[in-house]
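Undergrad: My file is structure-v2.cif. It has mmCIF, C-alpha atoms:
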```
data_input
loop_
_atom_site.group_PDB
_atom_site.id
_atom_site.type_symbol
_atom_site.label_atom_id
_atom_site.label_comp_id
_atom_site.auth_asym_id
_atom_site.auth_seq_id
_atom_site.Cartn_x
_atom_site.Cartn_y
_atom_site.Cartn_z
ATOM 1 C CA MET G 1 -10.154 9.499 46.137
ATOM 2 C CA GLY G 2 -9.660 8.435 49.725
ATOM 3 C CA THR G 3 -7.978 5.427 51.232
ATOM 4 C CA ALA G 4 -9.354 1.946 51.534
ATOM 5 C CA GLY G 5 -9.515 0.779 55.112
ATOM 6 C CA THR G 6 -9.864 -2.482 56.925
ATOM 7 C CA GLY G 7 -12.175 -3.853 59.564
ATOM 8 C CA THR G 8 -15.929 -3.695 59.931
ATOM 9 C CA ASP G 9 -16.222 -0.024 58.954
ATOM 10 C CA ARG G 10 -13.689 1.119 56.390
ATOM 11 C CA THR G 11 -15.095 4.661 56.315
ATOM 12 C CA VAL G 12 -13.580 5.582 59.691
ATOM 13 C CA GLY G 13 -11.267 8.536 59.215
ATOM 14 C CA GLU G 14 -12.865 9.772 55.993
ATOM 15 C CA ARG G 15 -15.230 12.263 57.608
ATOM 16 C CA ARG G 16 -12.612 14.964 58.200
ATOM 17 C CA GLN G 17 -11.549 14.947 54.549
ATOM 18 C CA LEU G 18 -15.155 14.993 53.350
ATOM 19 C CA ILE G 19 -16.051 17.962 55.565
ATOM 20 C CA ASN G 20 -13.043 19.860 54.260
ATOM 21 C CA VAL G 21 -14.005 19.151 50.651
ATOM 22 C CA ALA G 22 -17.678 20.004 51.162
ATOM 23 C CA TYR G 23 -17.025 23.301 52.973
ATOM 24 C CA ARG G 24 -14.751 24.527 50.195
ATOM 25 C CA LEU G 25 -17.326 23.511 47.618
ATOM 26 C CA LEU G 26 -20.289 25.101 49.415
ATOM 27 C CA GLY G 27 -18.931 27.817 51.713
ATOM 28 C CA SER G 28 -21.415 26.743 54.379
ATOM 29 C CA LEU G 29 -20.653 24.587 57.405
ATOM 30 C CA THR G 30 -24.273 23.489 57.765
ATOM 31 C CA GLU G 31 -24.601 22.559 54.103
ATOM 32 C CA ALA G 32 -21.224 20.803 54.200
ATOM 33 C CA GLU G 33 -22.336 18.718 57.171
ATOM 34 C CA ASP G 34 -25.615 17.883 55.441
ATOM 35 C CA ALA G 35 -23.819 16.839 52.254
ATOM 36 C CA VAL G 36 -21.461 14.528 54.142
ATOM 37 C CA GLN G 37 -24.321 13.069 56.166
ATOM 38 C CA GLU G 38 -26.185 12.359 52.924
ATOM 39 C CA ALA G 39 -23.130 10.622 51.476
ATOM 40 C CA TYR G 40 -22.831 8.403 54.559
ATOM 41 C CA ALA G 41 -26.566 7.676 54.471
ATOM 42 C CA ARG G 42 -26.235 6.464 50.890
ATOM 43 C CA TRP G 43 -23.186 4.384 51.818
ATOM 44 C CA TYR G 44 -24.999 2.563 54.610
ATOM 45 C CA ALA G 45 -28.060 2.128 52.393
ATOM 46 C CA LEU G 46 -25.974 -0.053 50.064
ATOM 47 C CA PRO G 47 -26.293 -3.817 50.460
ATOM 48 C CA ARG G 48 -23.556 -5.146 52.726
ATOM 49 C CA GLY G 49 -22.043 -7.149 49.908
ATOM 50 C CA ARG G 50 -21.766 -4.031 47.752
ATOM 51 C CA ARG G 51 -19.989 -2.171 50.542
ATOM 52 C CA GLU G 52 -17.567 -5.043 51.142
ATOM 53 C CA GLU G 53 -16.631 -5.273 47.454
ATOM 54 C CA THR G 54 -15.956 -1.527 47.179
ATOM 55 C CA ALA G 55 -12.186 -1.239 46.928
ATOM 56 C CA SER G 56 -12.016 2.328 48.227
ATOM 57 C CA PRO G 57 -14.912 3.537 50.406
ATOM 58 C CA GLY G 58 -13.192 6.908 50.668
ATOM 59 C CA ALA G 59 -13.275 7.306 46.897
ATOM 60 C CA TRP G 60 -16.935 6.277 46.831
ATOM 61 C CA LEU G 61 -17.855 8.723 49.597
ATOM 62 C CA THR G 62 -15.925 11.579 47.992
ATOM 63 C CA THR G 63 -17.635 10.974 44.656
ATOM 64 C CA VAL G 64 -21.069 10.986 46.258
ATOM 65 C CA THR G 65 -20.267 14.010 48.440
ATOM 66 C CA GLY G 66 -19.065 15.864 45.344
ATOM 67 C CA ARG G 67 -22.277 15.035 43.481
ATOM 68 C CA VAL G 68 -24.429 16.128 46.416
ATOM 69 C CA CYS G 69 -22.491 19.404 46.598
ATOM 70 C CA LEU G 70 -22.904 19.867 42.850
ATOM 71 C CA ASP G 71 -26.677 19.563 43.239
ATOM 72 C CA VAL G 72 -26.641 22.037 46.141
ATOM 73 C CA LEU G 73 -24.568 24.509 44.130
ATOM 74 C CA GLY G 74 -26.990 24.161 41.237
ATOM 75 C CA SER G 75 -29.881 25.307 43.416
ATOM 76 C CA ALA G 76 -27.886 27.876 45.401
ATOM 77 C CA ARG G 77 -28.509 30.773 43.013
ATOM 78 C CA ALA G 78 -32.276 30.538 43.392
ATOM 79 C CA ARG G 79 -32.012 30.196 47.169
ATOM 80 C CA ARG G 80 -29.652 33.127 47.460
ATOM 81 C CA GLU G 81 -31.935 35.297 45.388
ATOM 82 C CA ARG G 82 -34.419 34.864 48.239
ATOM 83 C CA TYR G 83 -31.760 35.585 50.855
ATOM 84 C CA VAL G 84 -32.133 38.954 52.577
ATOM 85 C CA GLY G 85 -29.163 41.093 51.552
ATOM 86 C CA ALA G 86 -25.764 39.775 50.512
ATOM 87 C CA TRP G 87 -24.805 36.132 51.112
ATOM 88 C CA LEU G 88 -21.298 35.426 52.411
ATOM 89 C CA PRO G 89 -19.540 32.147 53.232
ATOM 90 C CA ASP G 90 -19.578 31.026 56.854
ATOM 91 C CA PRO G 91 -16.637 32.496 58.806
ATOM 92 C CA LEU G 92 -14.425 29.959 60.554
ATOM 93 C CA PRO G 93 -12.824 30.524 63.964
ATOM 94 C CA ALA G 94 -9.441 29.133 64.941
ATOM 95 C CA HIS G 95 -9.561 25.860 66.890
ATOM 96 C CA GLY G 96 -9.162 27.538 70.271
ATOM 97 C CA GLU G 97 -11.954 30.018 69.561
ATOM 98 C CA ARG G 98 -14.748 27.566 68.799
ATOM 99 C CA ASP G 99 -17.902 27.194 70.832
ATOM 100 C CA ARG G 100 -18.009 23.702 72.319
ATOM 101 C CA GLY G 101 -21.584 24.172 73.526
ATOM 102 C CA HIS G 102 -23.224 22.875 70.365
ATOM 103 C CA GLY G 103 -21.870 19.332 70.398
ATOM 104 C CA ALA G 104 -19.905 17.977 67.451
ATOM 105 C CA ASP G 105 -19.400 20.816 65.010
ATOM 106 C CA PRO G 106 -18.080 20.496 61.455
ATOM 107 C CA ALA G 107 -15.768 23.446 62.236
ATOM 108 C CA ASP G 108 -13.775 21.082 64.436
ATOM 109 C CA GLN G 109 -12.915 19.061 61.317
ATOM 110 C CA MET G 110 -11.659 22.006 59.292
ATOM 111 C CA VAL G 111 -8.089 22.523 58.169
ATOM 112 C CA LEU G 112 -7.413 26.256 57.894
ATOM 113 C CA ASP G 113 -5.214 27.137 54.928
ATOM 114 C CA GLU G 114 -5.218 29.499 51.948
ATOM 115 C CA SER G 115 -8.114 27.618 50.360
ATOM 116 C CA VAL G 116 -10.518 28.725 53.123
ATOM 117 C CA THR G 117 -9.670 32.428 53.351
ATOM 118 C CA MET G 118 -12.729 34.592 52.837
ATOM 119 C CA ALA G 119 -11.140 36.154 49.751
ATOM 120 C CA PHE G 120 -10.617 32.707 48.200
ATOM 121 C CA LEU G 121 -14.122 31.516 49.025
ATOM 122 C CA VAL G 122 -15.644 34.664 47.516
ATOM 123 C CA VAL G 123 -13.709 33.985 44.306
ATOM 124 C CA LEU G 124 -15.074 30.434 44.309
ATOM 125 C CA GLU G 125 -18.580 31.909 44.431
ATOM 126 C CA SER G 126 -17.952 33.488 41.016
ATOM 127 C CA MET G 127 -17.407 30.085 39.390
ATOM 128 C CA THR G 128 -20.024 27.857 37.856
ATOM 129 C CA PRO G 129 -20.841 24.764 39.959
ATOM 130 C CA ALA G 130 -18.899 22.466 37.605
ATOM 131 C CA GLU G 131 -15.894 24.819 37.538
ATOM 132 C CA ARG G 132 -15.878 25.015 41.302
ATOM 133 C CA VAL G 133 -16.001 21.249 41.772
ATOM 134 C CA ALA G 134 -13.292 20.580 39.184
ATOM 135 C CA PHE G 135 -11.038 23.380 40.445
ATOM 136 C CA VAL G 136 -11.372 22.585 44.153
ATOM 137 C CA LEU G 137 -10.954 18.837 43.766
ATOM 138 C CA HIS G 138 -7.966 19.156 41.454
ATOM 139 C CA ASP G 139 -6.118 22.309 42.486
ATOM 140 C CA VAL G 140 -6.849 22.200 46.221
ATOM 141 C CA PHE G 141 -7.112 18.466 46.955
ATOM 142 C CA ARG G 142 -5.012 17.149 44.051
ATOM 143 C CA TYR G 143 -7.475 14.572 42.822
ATOM 144 C CA PRO G 144 -6.741 13.354 39.272
ATOM 145 C CA PHE G 145 -9.107 14.344 36.487
ATOM 146 C CA ALA G 146 -9.933 10.690 35.833
ATOM 147 C CA GLU G 147 -11.558 10.553 39.284
ATOM 148 C CA ILE G 148 -13.126 14.025 39.055
ATOM 149 C CA ALA G 149 -14.772 12.846 35.842
ATOM 150 C CA GLY G 150 -16.719 10.354 37.953
ATOM 151 C CA VAL G 151 -18.068 13.171 40.127
ATOM 152 C CA LEU G 152 -19.058 15.481 37.282
ATOM 153 C CA ARG G 153 -20.043 12.691 34.883
ATOM 154 C CA ARG G 154 -17.898 14.308 32.200
ATOM 155 C CA THR G 155 -14.739 13.287 30.392
ATOM 156 C CA PRO G 156 -11.363 13.888 32.053
ATOM 157 C CA ALA G 157 -10.551 16.352 29.265
ATOM 158 C CA ALA G 158 -13.713 18.336 29.959
ATOM 159 C CA CYS G 159 -12.919 18.372 33.688
ATOM 160 C CA LYS G 160 -9.424 19.655 32.913
ATOM 161 C CA GLN G 161 -10.930 22.535 30.933
ATOM 162 C CA LEU G 162 -13.344 23.351 33.771
ATOM 163 C CA ALA G 163 -10.515 23.451 36.303
ATOM 164 C CA ALA G 164 -8.475 25.682 33.998
ATOM 165 C CA SER G 165 -11.411 28.073 33.695
ATOM 166 C CA GLY G 166 -11.791 28.166 37.471
ATOM 167 C CA ARG G 167 -8.058 28.724 37.828
ATOM 168 C CA ARG G 168 -8.236 31.783 35.574
ATOM 169 C CA ARG G 169 -10.943 33.245 37.797
ATOM 170 C CA ALA G 170 -8.863 32.543 40.882
ATOM 171 C CA ARG G 171 -5.869 34.293 39.345
ATOM 172 C CA ASP G 172 -7.951 37.441 39.072
ATOM 173 C CA ALA G 173 -7.729 37.727 42.856
ATOM 174 C CA ARG G 174 -5.046 40.313 43.504
ATOM 175 C CA ALA G 175 -1.898 39.541 45.467
ATOM 176 C CA ARG G 176 -2.137 40.158 49.200
ATOM 177 C CA SER G 177 0.259 41.884 51.531
ATOM 178 C CA ALA G 178 2.602 39.811 53.688
ATOM 179 C CA PRO G 179 1.036 38.146 56.773
ATOM 180 C CA ALA G 180 2.726 40.520 59.228
ATOM 181 C CA VAL G 181 1.497 43.521 57.243
ATOM 182 C CA ARG G 182 -2.072 42.165 57.134
ATOM 183 C CA ALA G 183 -2.073 41.640 60.881
ATOM 184 C CA GLU G 184 -0.725 45.131 61.562
ATOM 185 C CA VAL G 185 -3.251 46.796 59.255
ATOM 186 C CA VAL G 186 -6.142 44.976 60.939
ATOM 187 C CA ARG G 187 -4.734 45.990 64.326
ATOM 188 C CA GLN G 188 -4.667 49.624 63.204
ATOM 189 C CA VAL G 189 -8.222 49.372 61.858
ATOM 190 C CA LYS G 190 -9.353 48.107 65.255
ATOM 191 C CA ALA G 191 -7.665 51.013 67.041
ATOM 192 C CA ALA G 192 -9.105 53.613 64.670
ATOM 193 C CA TRP G 193 -12.557 52.065 64.858
ATOM 194 C CA GLU G 194 -12.518 52.054 68.645
ATOM 195 C CA THR G 195 -11.513 55.728 68.777
ATOM 196 C CA LYS G 196 -13.912 56.640 65.946
ATOM 197 C CA ASP G 197 -11.045 58.193 64.036
ATOM 198 C CA ILE G 198 -12.469 58.667 60.536
ATOM 199 C CA ALA G 199 -9.263 60.185 59.157
ATOM 200 C CA ALA G 200 -7.194 57.216 60.333
ATOM 201 C CA LEU G 201 -9.701 54.765 58.890
ATOM 202 C CA VAL G 202 -9.670 56.552 55.537
ATOM 203 C CA ASP G 203 -5.871 56.276 55.480
ATOM 204 C CA LEU G 204 -6.100 52.534 56.155
ATOM 205 C CA LEU G 205 -8.738 51.881 53.492
ATOM 206 C CA ASP G 206 -8.137 51.702 49.771
ATOM 207 C CA PRO G 207 -10.087 54.521 48.057
ATOM 208 C CA ALA G 208 -11.904 51.826 46.056
ATOM 209 C CA ALA G 209 -12.499 49.544 49.049
ATOM 210 C CA VAL G 210 -15.779 47.640 49.327
ATOM 211 C CA MET G 211 -17.556 46.456 52.477
ATOM 212 C CA THR G 212 -20.127 43.661 52.171
ATOM 213 C CA ALA G 213 -22.329 42.655 55.103
ATOM 214 C CA ASP G 214 -24.371 39.494 55.646
ATOM 215 C CA GLY G 215 -27.199 39.718 58.167
ATOM 216 C CA GLY G 216 -29.532 37.271 56.457
ATOM 217 C CA GLY G 217 -32.532 39.277 57.647
ATOM 218 C CA LYS G 218 -31.815 38.073 61.190
ATOM 219 C CA ALA G 219 -29.432 40.847 62.261
ATOM 220 C CA GLY G 220 -29.102 44.457 61.230
ATOM 221 C CA ALA G 221 -26.765 44.863 58.249
ATOM 222 C CA VAL G 222 -26.509 47.111 55.226
ATOM 223 C CA LEU G 223 -28.254 45.335 52.343
ATOM 224 C CA ARG G 224 -25.958 46.594 49.613
ATOM 225 C CA PRO G 225 -22.165 46.803 49.563
ATOM 226 C CA VAL G 226 -20.680 50.060 50.822
ATOM 227 C CA GLU G 227 -18.183 51.336 48.256
ATOM 228 C CA GLY G 228 -15.300 53.745 48.749
ATOM 229 C CA GLY G 229 -12.899 54.139 51.647
ATOM 230 C CA ALA G 230 -14.411 57.400 52.895
ATOM 231 C CA ARG G 231 -17.961 56.025 52.923
ATOM 232 C CA ILE G 232 -16.872 52.847 54.676
ATOM 233 C CA ALA G 233 -15.023 54.841 57.346
ATOM 234 C CA GLN G 234 -18.135 56.953 58.004
ATOM 235 C CA TYR G 235 -20.288 53.832 58.139
ATOM 236 C CA MET G 236 -17.948 52.126 60.622
ATOM 237 C CA VAL G 237 -17.984 55.129 62.925
ATOM 238 C CA ALA G 238 -21.770 55.335 62.675
ATOM 239 C CA ILE G 239 -21.965 51.692 63.773
ATOM 240 C CA ALA G 240 -19.746 52.458 66.764
ATOM 241 C CA ASP G 241 -21.980 55.405 67.696
ATOM 242 C CA HIS G 242 -25.100 53.229 67.642
ATOM 243 C CA ALA G 243 -23.626 50.192 69.397
ATOM 244 C CA PRO G 244 -22.332 51.226 72.830
ATOM 245 C CA GLY G 245 -20.743 48.439 74.806
ATOM 246 C CA LEU G 246 -19.506 46.622 71.725
ATOM 247 C CA ALA G 247 -16.088 45.054 72.388
ATOM 248 C CA LEU G 248 -13.724 44.568 69.442
ATOM 249 C CA LEU G 249 -11.297 41.636 69.559
ATOM 250 C CA GLU G 250 -8.513 40.567 67.225
ATOM 251 C CA ARG G 251 -9.257 37.046 66.097
ATOM 252 C CA SER G 252 -8.316 34.634 63.345
ATOM 253 C CA VAL G 253 -11.064 34.474 60.704
ATOM 254 C CA ASN G 254 -10.651 31.631 58.203
ATOM 255 C CA GLY G 255 -6.985 31.542 59.124
ATOM 256 C CA GLU G 256 -6.451 35.273 58.482
ATOM 257 C CA PRO G 257 -6.267 38.314 60.800
ATOM 258 C CA GLY G 258 -9.785 39.543 61.482
ATOM 259 C CA LEU G 259 -11.986 41.228 64.044
ATOM 260 C CA VAL G 260 -14.825 39.994 66.214
ATOM 261 C CA ALA G 261 -17.391 42.270 67.833
ATOM 262 C CA ARG G 262 -18.801 40.951 71.089
ATOM 263 C CA ARG G 263 -21.670 42.308 73.159
ATOM 264 C CA ASP G 264 -22.527 40.971 76.619
ATOM 265 C CA GLY G 265 -20.156 38.070 76.043
ATOM 266 C CA VAL G 266 -21.839 36.990 72.793
ATOM 267 C CA VAL G 267 -20.188 37.236 69.374
ATOM 268 C CA ALA G 268 -22.415 39.490 67.261
ATOM 269 C CA THR G 269 -20.189 40.216 64.272
ATOM 270 C CA VAL G 270 -17.205 38.649 62.536
ATOM 271 C CA ALA G 271 -15.212 40.720 60.037
ATOM 272 C CA ALA G 272 -12.708 39.386 57.510
ATOM 273 C CA PHE G 273 -10.305 41.600 55.565
ATOM 274 C CA ASP G 274 -8.468 41.577 52.256
ATOM 275 C CA VAL G 275 -5.280 43.659 52.551
ATOM 276 C CA GLY G 276 -3.116 44.590 49.588
ATOM 277 C CA GLU G 277 -0.301 47.113 49.301
ATOM 278 C CA GLY G 278 -0.751 47.939 52.969
ATOM 279 C CA ARG G 279 -4.411 48.979 52.741
ATOM 280 C CA VAL G 280 -7.750 47.276 53.210
ATOM 281 C CA ARG G 281 -9.404 46.510 49.879
ATOM 282 C CA ARG G 282 -12.334 44.395 50.985
ATOM 283 C CA ILE G 283 -14.201 43.885 54.245
ATOM 284 C CA TRP G 284 -16.658 41.035 54.684
ATOM 285 C CA VAL G 285 -18.904 41.396 57.715
ATOM 286 C CA VAL G 286 -20.999 38.430 58.875
ATOM 287 C CA ARG G 287 -23.794 39.143 61.369
ATOM 288 C CA ASN G 288 -26.247 36.343 60.592
ATOM 289 C CA PRO G 289 -26.404 34.495 63.952
ATOM 290 C CA ASP G 290 -26.876 31.155 62.181
ATOM 291 C CA LYS G 291 -23.384 31.554 60.731
ATOM 292 C CA LEU G 292 -21.809 32.521 64.042
ATOM 293 C CA ARG G 293 -22.736 29.403 66.034
ATOM 294 C CA PRO G 294 -19.187 27.981 66.113
ATOM 295 C CA TRP G 295 -17.849 31.191 67.652
ATOM 296 C CA VAL G 296 -17.187 31.901 71.286
ATOM 297 C CA GLY G 297 -15.789 35.239 72.505
#
```
Translate the structure described by the file into structure tokens.
TA:
Amino acid sequence: MGTAGTGTDRTVGERRQLINVAYRLLGSLTEAEDAVQEAYARWYALPRGRREETASPGAWLTTVTGRVCLDVLGSARARRERYVGAWLPDPLPAHGERDRGHGADPADQMVLDESVTMAFLVVLESMTPAERVAFVLHDVFRYPFAEIAGVLRRTPAACKQLAASGRRRARDARARSAPAVRAEVVRQVKAAWETKDIAALVDLLDPAAVMTADGGGKAGAVLRPVEGGARIAQYMVAIADHAPGLALLERSVNGEPGLVARRDGVVATVAAFDVGEGRVRRIWVVRNPDKLRPWVG
């Protein structure tokens, strides 16, 4: 895993790949950055001779990053049980919509593709830690099972079974509408939300739609998912009534059409959507300010 380099530091150029792997494994930019930093710390803690004899530093770093992520995933359930309300993956802005005021940000290293959509990341959350590692490394990054076995400390055959199990879970995610349809539906949701048109919102929402909000106890958010298109429409209009001056903007969220709510020039909410058969099936709303640091209006 990775490419051997030359020169005094053969790990140059590996960081971007490691950040991309870690974010998909953890769903958190901060935790991904921490995992990669830990991998590099362990690399530089090796005796110089050991580093020089390592044929592929990239493979070594990926293995260690994967193991660190596995440990984090193992403890995530307990930590998220203490989390206030629902926990959602960190939303990612497009490159041109990132806040440059916080120095180097792991979001700058991210490649936005289908493996970072909010819908995909939520499916990953349903997997066991070992399934997630095996599935992401093999199906997303195309690492062979012989190398994944080194991360999970299991046989290649066992890793193949874990990836297959994760793949079955991923297949449960329903097919989405075409990109142009998704963008148009989100645009119509924005218009109906701005005009507080409950009837229009109900028409745009699947009757069985679900809205999940993540405030983390640091921003106001419904603690339990709101179920049903009619209830979601009423909730959205109620939010608009209680938040005068909130500006809605169409923005890319994890590479998909989404909405950003900005107040006084500060991003307060990021909403991602799952659209199928021309209607919104899921809405994921992130309001935890810690998860919105990469965003700028």
Undergrad: Find, counting only C-alpha atoms, the residue in G:Ala191, G:Ala271, G:Phe145, G:Gly216 that gets nearest to Arg80 of chain G.
TA: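 Nearest candidate to Arg80 of chain G out of G:Ala191, G:Ala271, G:Phe145, G:Gly216: G:Gly216.
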Undergrad: Residues picked by the PyMOL selection byres ((chain G and resi 273-279) around 9) here, as a PyMOL selection string?
TA: chain G and resi 118-119+174-178+181-182+185-186+203-206+209+253+256-259+271-272+280-285
Undergrad: On this structure, which residues satisfy the PyMOL selection byres ((chain G and resi 106) around 7), written as a PyMOL selection string?
TA: chain G and resi 19+29+33+104-105+107-110
Undergrad: Which is closer to Arg51 of chain G than all the others in G:Arg10, G:Leu152, G:Arg262, G:Thr195, using only C-alpha atoms?
TA: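 Checking each candidate against Arg51 of chain G, we get G:Arg10 as the closest.
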Undergrad: Name all residues at most 12 Å from Ala149 of chain G (count all atoms listed in the file; drop same-chain ones fewer than 3 positions away) and give them as a ChimeraX atom specification.
TA: /G:1,63,66-67,130,133-134,137-138,143-146,152-163
Undergrad: Which centre and which edge lengths, in Å to one decimal, describe the axis-aligned box that holds all listed atoms of segment 111-117 of chain G after 6 Å is added on each side, as JSON?
TA:
```
{"center_x": -7.9, "center_y": 27.5, "center_z": 54.3, "size_x": 17.3, "size_y": 21.9, "size_z": 19.8}
```
Undergrad: Quick one, how far is atom CA of Val72 of chain G from atom CA of Ala55 of chain G?
TA: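 Atom CA of Ala55 of chain G lies at a distance of 27.4 Å from atom CA of Val72 of chain G.
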Undergrad: Please write as a ChimeraX atom specification the full residue list that the PyMOL selection byres ((chain G and resi 260) around 12) yields on this file.
TA: /G:91-93,97,186-187,190,246-253,257-259,261-263,265-273,284-287,292,295-297
Undergrad: In the coordinate frame of the file, compute which residues have an atom within 10 Å of (-17.2, 53.2, 56.9) when using all atoms listed in the file, and state them as an MDAnalysis selection string.
TA: chainID G and resid 193 198 201:202 205 209:211 226:239
Undergrad: Could you work out how far atom CA of Ser75 of chain G lies from atom CA of Thr30 of chain G, giving the answer in Å with one decimal?
TA: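 Computing the Euclidean distance for atom CA of Thr30 of chain G and atom CA of Ser75 of chain G yields 15.5 Å.
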Undergrad: Just the number, please: distance in Å from atom CA of Pro225 of chain G to atom CA of Thr212 of chain G, one decimal.
TA: 4.6 Å
Undergrad: Please provide as a list in words all residues within 7 Å of segment 121-129 of chain G, with the sequence filter that same-chain residues fewer than 6 positions apart are discarded (counting all atoms listed in the file).
TA: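 Within the cut-off, the hits are Gly27, Leu70, Leu73, Gly74, Pro89, Gly166 and Ala170 of chain G.
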